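Engineer: Next up is a structure, given as C-alpha cells.
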Amino acid sequence: MGSGWAAGSVRARYLVYFQYLGTDFNGVAAVRGAQRAVGVQNYLEEAAERLKSVVPVKFIISSRTDAGVHALSNAAHLDVQRRSGQPPFSPEVLTQALNTHLRHPAIRVLQAFRVPSDFHARYAATSRTYLYRLATGCPRPDQLPVFERNRCWALRADYLDVAAMREAAQHLLGTHDFSAFQSAGSPSTSSVRTLRRASVSPDPASPFVLPQESRRLRFWTLEFESQSFLYRQVDSVLRLSWGWGRGLGHCGSLGLGSQVRRMTAILVAVGLGTLTPTEVKVILESRDPLGKHQTRVAPAHGLFLKSVLYGGLGDLAAGNPAQQESQDPGGREAPGQPEDLRSCLQQPQSCPQLLCGVHSTESTDDPQMPSQGQGSQAH
C-alpha cells in the first residue's frame, strides 16, 4: 500500500531558515546511533516526522556548526512527499507545523520557501556571515552577567588594540590558502577560500549589564563573510586555560574547531599585544595548521552563524552542482513557485514577522496541519 501512495504523490522541496542556541547541542548535524549527544538536526527531523511524508524527511544543512556554536539564521532544504491527492504544504503551514512539534525550546524555525527540485541549500549559498562576540574587563567568570554566559568570550583584559586587530584582519581579506586556519587532518579537498569581509567593531552596551558594571564591561563583535569557510566537526572540545597571558579568557579550546574560531583567536592575540599584524600575514602564508599560534581556537560559545544568503531562483537553477540528484522512487516533482524570491532569499530577516505570505500559492486550510493546542508527543 505504501508504494501506491508514492506512485501518485507529489514531492515538494523547501528552503527552511532556522535558529538555535547551541549550548545544549553537539553541533547542528544529526548524531546517529545510541550516543547521548544530540544535534539540532535530530530535533528538526523528529518534528518533521509529524508531517506524515511518504518518504522520511531529511534536512540537508547549509552550514555546519560545532558543539556550542549558535545560529541567528541557518538554512536547510528538505523534501516532503505527501500522499496521493493531497496538495503540498504551504510554506507558512510547514513553518508552523515544525515549530509546533519541535521538542527543544532552543530551536525555532523562522520561515520556509518553496524552491525548485534541484535546489541545494549548501551548494547554492552565495554568502555566509559569522559573528563572534567578545567581552573585555572580566577578570573572573562570575563577573559576567548570567544572561551573557555562553553568549560571548569573556576576556580578562580591560583593553584591546582594535586598530591593530583591524590592520591584521586586512591581511586575511581576499583569496588565500587558509591551511593555517584549519584543523590538522581536515577532510577538505581544497583550503583556498575568499574572505570578503573581516571587521572588528564595538557592540552597543548589553541590556543585561547593570549600570554599575557598564563602565568595566565592554563588548566587541568580529564579523567574517565568505561564500564558504573551512570546517571540521568535532565530537567534543577540550576546555583549557590558554596561558597566553593575563588578558585571555577563562575557557578556550586547543587544536580543534573552525576557520572562523581560529581567525578570531589570532586577531584577539593581536588585540592583546601577543602578536603583531605582520605576524598574522606570516602565519597565513605558512599554511601550517600546527604552528605555535594556529593551534589555539576561540571558544565555541562566542560564535554565531549570522546569515546564509542565496541569489534569485534563476541564479540558483544555473550551475547548481546538485542538479544530478535523483528523484525519490515513485515520486514526481512538485512545480516550483512562479514568484521571484530574490529579495527574501537574499535578506531572510526582511520579511514581516518572518513569514512571506506572497510566496504561497497553496491553501493553508490543510487537514494535516495540527491545531495550535496540539502538542508533540514526548518520548
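Ordering of the C-alpha cells sets the chain letters (A, B, ...), residue numbers begin anew at 1 in every chain, and ligands are numbered from 1 in the order given.
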Using DSSP on the backbone, list every residue of stretch 47-287 of chain A that comes out as strand (DSSP E or B), and give them as a ChimeraX atom specification.
Structural biologist: /A:60-61,70-81,107-115,125-136,153-155,174-177,192-202,218-226,239-240,249,252-254
Engineer: Report, in Å with one decimal, the straight-line distance from atom CA of A:Phe304 to atom CA of A:Tyr132.
Structural biologist: 6.2 Å
Engineer: Can you list, as a PyMOL selection string, all residues belonging to stretch 56-255 of chain A that DSSP tags as alpha helix (DSSP H)?
Structural biologist: chain A and resi 91-101+162-172
Engineer: What is the atom CA of A:Ser73-atom CA of A:Asp24 distance in Å, reported with one decimal?
Structural biologist: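 Distance between the two atoms: 17.2 Å.
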